[in-house]
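Heads up: the structure comes next, in C-alpha cells.
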Amino acid sequence: MKPRVLIVDDEANIRRMLGALLRSEGFETEEAPNGNAALLSLDQQHPDAILLDLQMPPGPDGLETLRHIRDRDAWIPVIMMSGKAQLTDAVQAIKQGAFQFLEKPLTPEAVLVALRSGLELTRARAENRALRSQLAPQAQMVGTSPRLESVRALIAQVAKTEARVLITGESGTGKELVAHAIHRASHRSARPIISVNCAAIPRDLVESEMFGHERGAFTGATDRRLGRFELADTGTLFLDEVGDLNLEAQAKLLRVLESGEIQRLGAERMQRVDVRIVAATNQRLEQAVSAGSFREDLYFRLAVFPIDLAPLRDRLDDLPELVRHLAERVRPLQPATFTADALAFLASYEWPGNVRELANVVERLSILGGDEVDVALVRQVLPRAGTPRFDQANLTSESGTSYSVADLGGRSLSNVLDDYERALIGAALKRASGNVAEAARALQTDRANLYRRMKRLGL
C-alpha cells in the first residue's frame, strides 16, 4: 500500500519539489498552502504523515497548526520544516508532538529518512498496542502421542508455504497453539501474528476491528485505528472461531481474500495488504455450509490445508506429560508431583473441556495439594470419573441414573453443582458440534453468559 503524505507549505515551488520527490519514491501526496487547508485535508483525505512548514504568513503558523492536528490525531507523524527557525522553535515543536524538525534547504535523503522513520514508528506503536492486548505466556504443544506427532508433521509441511490453514477441533484442544507454531516456522516469523476472536466481536464492530476506521467514521471514532488486517501486513492473521462470523462479515472477508485489498471505514481509498490467513473453529463447517450459515466459497478459500486436532480423551498418552508441564506453570520452582494413582484417576475422566479444562484442574490441585497430589485429593476436586452426560429434556443421565445426597462423596455442594453444570454444557456443546451459539439456544441462555460460565468451569 502507498502511504499518503500531506505537504503543508506556503511556497508552491517547495510543495511541487517535495511532491515530485515523494511520488518518485512510491508515496501518494496531497498539498495544502496554509494551516487551515491542512486541517481540512486532514479530515477529508486522512494522510498517513504530514510535512509541515513552521512559518506560513499570515497564519495560522506551523506550531498552531500542529496543536490542532494533535487535537484531531494523536499518532500521525508530523515533520516540521523551516529555514528561519530558532532552537526554541524546534524544542517547542518537539514538545507539542512533532516527530522531527528539518532545516531548509531540505535534502531528499533527510526528508525520506524522516518520513519512513515516522511511518514505521506509527506502525510499531499500533502493533505494540495490539500485541499487548493479547499478551500471554508463551505456550507450547506438549506430548508425544501419535495423534500429536501427526499434527506436528502437518505443521512442518505447511509452515514454509503461503497456503491458508483451517484448524478444527473441540474447544480447548490447542488450536491457537497450532496457529502460533505455523507462524514461528514460517518465513513471516519476524513479523507479528495478530489474533482476532471472531466470536467476541460485536456484530456492528466486525468491519472496524478487521479493517480499521478513520477518525469520525462513526459515533465514538475519535481517532484513526488500524484494523487487524493492516496490523498483520507481511505477517500472519489468526481468525479464531471463524465459524461464528455472520454472513455479512463473511462476504466482506471473502472480498479481502480474493482481492488482497482492504478499506478502512470512512476512507476513500483501498489499501493492499500481504497477510497469511490461519483460521480455526470448533464447528463442523461442512455442516454449517449445508445449513446455509456459512458461505461455501469462503469455506473453500479457508480450508486449503485443514488440520484437525484430537480431543484430549483420544490422546490420553499425553496426559502425564501435560500434567507435569501444567504443574510447572503453576509453581515453576517447585512444581507439585502427581502420584501414579492420581494420574490414573485423571485419565479416567472424559475431559469435555480438553486441555483447557485440564489446566484449570491441575492449577487447583497444585494449590491445594502442595508438593504432592494424591488420588484422594483428585477425587475431591475432579468431577466424577466417567461423569454421565445429561439429557436436555429431563436433566437426568443417559443411563437414567438419579442422584442423591449419598452421591456427593464428601464433596461440597458447590463442587457438585459445578460438575453438574459442566456436564450439561459439555453435552449441549457436543450435540451442537461445538457451536457455542447453538448450544446457548439449547440451554436457553445467551452466548455471552455461556462463554462466562465455560470460562469459569475451565471449558
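Convention: chains lettered A, B, ... in C-alpha cells order; per-chain residue numbering from 1; ligands numbered from 1 as shown.
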- Message: Quick check for you: according to DSSP on this backbone, which residues of segment 181-351 of chain A are classed as alpha helix (DSSP H)? Reply as an MDAnalysis selection string.
- Response: chainID A and resid 181:184 206:211 228:231 247:259 285:291 296:302 319:330 340:347
- Task: Excluding Thr337 of chain A and any residue of its chain fewer than 2 positions from it, enumerate the residues within 10 Å of it, using only C-alpha atoms, and give them as a PyMOL selection string.
- Result: chain A and resi 323-324+327-328+334-335+339-340+342-343+366+369-374
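Comparing the minimum interatomic distances between Val113 of chain A and each of A:Leu22, A:Val304, A:Ile94, A:Val158, counting only C-alpha atoms, we find that A:Leu22 sits nearest.
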- Using only C-alpha atoms, which residue out of A:Pro311, A:Pro33, A:Gly266, A:Pro60 lies closest to Arg215 of chain A? A:Gly266
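For the atom pair formed by atom CA of Met454 of chain A and atom CA of Glu176 of chain A, the distance is 17.5 Å, given to one decimal.
Atom CA of Gln271 of chain A lies 9.2 Å from atom CA of Pro3 of chain A.
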- Item | Arg331 of chain A surroundings by only C-alpha atoms, 9 Å radius, close-in-sequence under 5 positions cut, as a ChimeraX atom specification | /A:326,336,366-367
- Counting only C-alpha atoms, the option among A:Glu209, A:Asp48, A:Asp419, A:Glu363 closest to Arg329 of chain A: A:Glu363
Closest atom pairs, segment 167-228 of chain A residues within 10 Å of segment 72-79 of chain A, only C-alpha atoms, as CSV:
residue,atom,partner,partner_atom,distance
A:Glu214,CA,A:Asp73,CA,9.9
A:Arg215,CA,A:Asp73,CA,7.8
A:Gly216,CA,A:Arg72,CA,9.8
A:Thr222,CA,A:Arg72,CA,7.8
A:Asp223,CA,A:Asp73,CA,5.9
A:Arg224,CA,A:Asp73,CA,7.1
A:Arg225,CA,A:Trp75,CA,9.8
Written selection (C-alpha atoms) as a PDB file, in the first residue's frame:
ATOM      1  CA  GLU A 214     -10.741   6.788  10.181  1.00  0.00           C
ATOM      2  CA  ARG A 215     -11.477   9.477  12.734  1.00  0.00           C
ATOM      3  CA  GLY A 216     -15.159  10.416  12.552  1.00  0.00           C
ATOM      4  CA  THR A 222     -12.338   9.778  17.940  1.00  0.00           C
ATOM      5  CA  ASP A 223      -9.031   8.559  16.457  1.00  0.00           C
ATOM      6  CA  ARG A 224      -7.833   6.661  13.447  1.00  0.00           C
ATOM      7  CA  ARG A 225      -7.488   2.955  14.173  1.00  0.00           C
TER       8      ARG A 225
END
- Name the closest residue to Leu245 of chain A among the candidates A:Leu265, A:Ala423, A:Ala376, A:Ala199; distances are taken between atoms, counting only C-alpha atoms. A:Ala199
